[in-house]
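One structure below.
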Amino acid sequence: MAVIEVTDLRKGYAGQTVLDGVSFSVEEGEIFGILGPNGTGKTTTVECVEGLRRPDSGTIRVLGLDPAKDGRKLREQIGVQLQQTQLPENLKVWEALDLYASFYAESRDWRELLVEWGLADKRNARFGKLSGGQKQRLFIALALVGNPRVAFLDELTTGLDPQARRTTWELIKQVRASGVTVVLVSHFMDEVEELCDRVAVLNHGKVVAVDTPSGLAGGEHRMRFRLMAGELTDLSGVPGVSDVTRTGDRVVVTGRGDFATAVTAHLARHQVLVSDLRIDKRTLEDAFTALTGRPLD
């Protein structure tokens with residue numbers, strides 16, 4: 001069942017179009033990623049869905065509610081971690097969680113969140129004294145303290161060290177396992193591949209693809225080698241091969257399935273000797289660059 005449905009969403013500022021007909025849906029219980037270059041409308045899209053911005057046109061339904069009309073009722077059921085957030089410098093960690101918990105009719109025990117997000121020893125620390133990573137973990141905990149059905153996490157692990165990032169990934173998986181649907185805006189390819197069930201790729205205010213990370217990558221591989229001896233015959237007819245390019249003695253063969261075994265057997269039959277052979281799987285970053293025409297910023 002779709003818990004979020006966005007149809008033909010449009011938004012502009014000062015005559016400049018930011019969102020140009022964005023449409024996608026998010027299924028209950030999944031981690032849904034939103035990828036896109038800087039300035040392509042990711043945060044604007046999420047803020048419209050959260051009810052923080054009003055779209056110029058289009059329809060949005062979150063848990064069956066219109067964020068623009070049913071904001072108060074919707075806020076009881078969602079949690080939000082914004083891309084940029086600030087709290088009073090002298091506010092203590094426990095005070096922030098206790099305050100946010102008071103906003104909800106059925107909040108989580110914020111003491112549990114202190115432990116889950118590694119903030120127990122910072123319980124009495126003031127916000128202004130926290131490190132960047134500690135502040136980020138606090139913001140995520142605040143997004144979850146209302147016991148939401150849907151959590152929006154914008155740039156989830158910015159400022160966290162590699163170990164803390166992986167710990168956070170595991171906690172987000174536990175959040176999803178508890179029944180919470182997660183919408184994740186991220187510029188980390190490894191994070192999207194690790195966490196997301198499906199991904200929407202935005203470019204120039206439009207959704208250019210929605211698929212699983214592996215589906216976006218396409219399942220293609222590249223086989224690279226250098227010719228040493230023998231005459232290279234036509235490889236286009238080898239099972240699984242979709243493309244062959246040659247530059248001097250360098251050859252790149254693109255294909256699917258077990259094409260590499262078929263190519264190797266073909267070369268052996270024709271007594272072609274090669275060196276520097278390696279096989280590269282097409283990555284999500286390759287797919288992103290192909291879809292948008294530019295690498296992720």
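Convention: chains lettered A, B, ... in structure tokens order; per-chain residue numbering from 1; ligands numbered from 1 as shown.
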
(request) as a PyMOL selection string, please: all residues of region 56-265 of chain A that backbone DSSP puts in strand (DSSP E or B). (result) chain A and resi 57-62+65+78-81+92+126+150-154+181-185+198-203+206-211+221-229+241-247+250-255

(request) From region 104-260 of chain A, collect each residue whose DSSP state is alpha helix (DSSP H) and return the set as a VMD selection string. (result) chain A and resid 110 to 116 132 to 144 162 to 177 189 to 195 213 to 217 259 to 260

(message) Taking 4 positions as the minimum chain separation for residues in the same chain, which residues sit within 7 Å of region 205-211 of chain A when counting only C-alpha atoms? Answer as a VMD selection string.
(response) chain A and resid 18 to 23 40 to 41 198 to 201 215 to 216 291

(request) Could you tell me which of A:Gly248, A:Pro239, A:Gly218, A:Pro37 comes closest to Ala265 (chain A) if we count only C-alpha atoms? (result) A:Pro239

(request) May I ask which of the residues A:Arg75, A:His221, A:Arg165, A:Arg269 is the closest one to Gly255 (chain A), counting only C-alpha atoms? (result)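 Result for the nearest residue to Gly255 (chain A): A:His221.
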
(request) Choose the residue, out of A:His270, A:Arg278, A:Asn203, A:Ala151, that has the smallest atom-to-atom separation from Leu232 (chain A); count only C-alpha atoms. (result) A:His270

(message) Just want the 9 Å neighbourhood of Leu87 (chain A), counted on only C-alpha atoms, with same-chain residues fewer than 3 positions away dropped. Output as a PyMOL selection string.
(response) chain A and resi 90-91+96+127-128

(request) Give me the residues within 10 Å of Leu156 (chain A) as an MDAnalysis selection string, counting only C-alpha atoms and dropping any in the same chain fewer than 6 places off. (result) chainID A and resid 81:83 136:137 139:140 165 168:169 172 184:188 191

Save the residues we just selected, N, CA and C atoms, as a short mmCIF file (atom, residue, chain, number, x, y, z; two decimals), in the first residue's frame?
data_model
loop_
_atom_site.label_atom_id
_atom_site.label_comp_id
_atom_site.auth_asym_id
_atom_site.auth_seq_id
_atom_site.Cartn_x
_atom_site.Cartn_y
_atom_site.Cartn_z
N GLN A 81 13.77 15.11 9.87
CA GLN A 81 15.12 15.58 10.14
C GLN A 81 15.51 16.46 8.95
N LEU A 82 15.56 17.77 9.19
CA LEU A 82 15.82 18.72 8.11
C LEU A 82 17.29 18.73 7.73
N GLN A 83 17.55 19.24 6.52
CA GLN A 83 18.92 19.34 6.06
C GLN A 83 19.72 20.30 6.93
N GLN A 136 24.05 15.83 14.74
CA GLN A 136 23.30 15.12 13.71
C GLN A 136 22.51 13.95 14.31
N ARG A 137 23.15 13.21 15.23
CA ARG A 137 22.45 12.10 15.87
C ARG A 137 21.28 12.59 16.72
N PHE A 139 19.48 15.28 16.08
CA PHE A 139 18.41 15.67 15.16
C PHE A 139 17.62 14.44 14.67
N ILE A 140 18.33 13.34 14.42
CA ILE A 140 17.64 12.12 13.99
C ILE A 140 16.77 11.58 15.12
N ARG A 165 28.65 6.30 10.61
CA ARG A 165 27.72 6.19 9.49
C ARG A 165 27.17 4.78 9.41
N THR A 168 24.76 4.09 12.12
CA THR A 168 23.50 4.75 11.83
C THR A 168 22.69 3.96 10.81
N TRP A 169 23.35 3.42 9.79
CA TRP A 169 22.66 2.60 8.79
C TRP A 169 21.93 1.44 9.46
N ILE A 172 18.86 2.65 11.23
CA ILE A 172 17.79 2.99 10.29
C ILE A 172 17.10 1.71 9.80
N LEU A 184 14.52 8.97 2.41
CA LEU A 184 15.92 9.36 2.64
C LEU A 184 16.44 10.19 1.48
N VAL A 185 16.85 11.42 1.78
CA VAL A 185 17.53 12.26 0.80
C VAL A 185 19.02 12.16 1.09
N SER A 186 19.80 11.78 0.08
CA SER A 186 21.22 11.55 0.33
C SER A 186 22.05 11.85 -0.92
N HIS A 187 23.31 12.23 -0.70
CA HIS A 187 24.23 12.35 -1.82
C HIS A 187 25.33 11.30 -1.75
N PHE A 188 25.19 10.33 -0.82
CA PHE A 188 26.15 9.24 -0.70
C PHE A 188 25.64 8.01 -1.44
N GLU A 191 25.47 4.84 0.66
CA GLU A 191 24.36 4.87 1.60
C GLU A 191 23.05 4.45 0.93
#

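Residue nearest Glu231 (chain A), chosen from A:Asp276, A:Asp243, A:Asp66, A:Asp249 and counting only C-alpha atoms: A:Asp249.
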
(request) Provide the CA of Val183 (chain A) to CA of Ala125 (chain A) distance in Å, to one decimal place. (result)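 Computed distance, CA of Val183 (chain A) to CA of Ala125 (chain A), equals 29.6 Å.
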
(request) Can you work out the spacing between CA of Gln163 (chain A) and CA of Gly79 (chain A) in Å, to one decimal? (result)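 According to the coordinates, CA of Gln163 (chain A) and CA of Gly79 (chain A) are separated by 24.6 Å.
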
(request) May I ask which of the residues A:Val93, A:Cys48, A:Ala268, A:Leu142 is the closest one to Ala229 (chain A), counting only C-alpha atoms? (result)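 The answer is A:Ala268, which sits nearest to Ala229 (chain A).
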
(request) Compare A:Gly240, A:Gly29, A:Gly39, A:Pro67 by their minimum atom-to-atom distance to Cys196 (chain A), counting only C-alpha atoms, and give me the closest one. (result) A:Gly29

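CA of Leu74 (chain A) is found 10.0 Å from CA of Arg149 (chain A).
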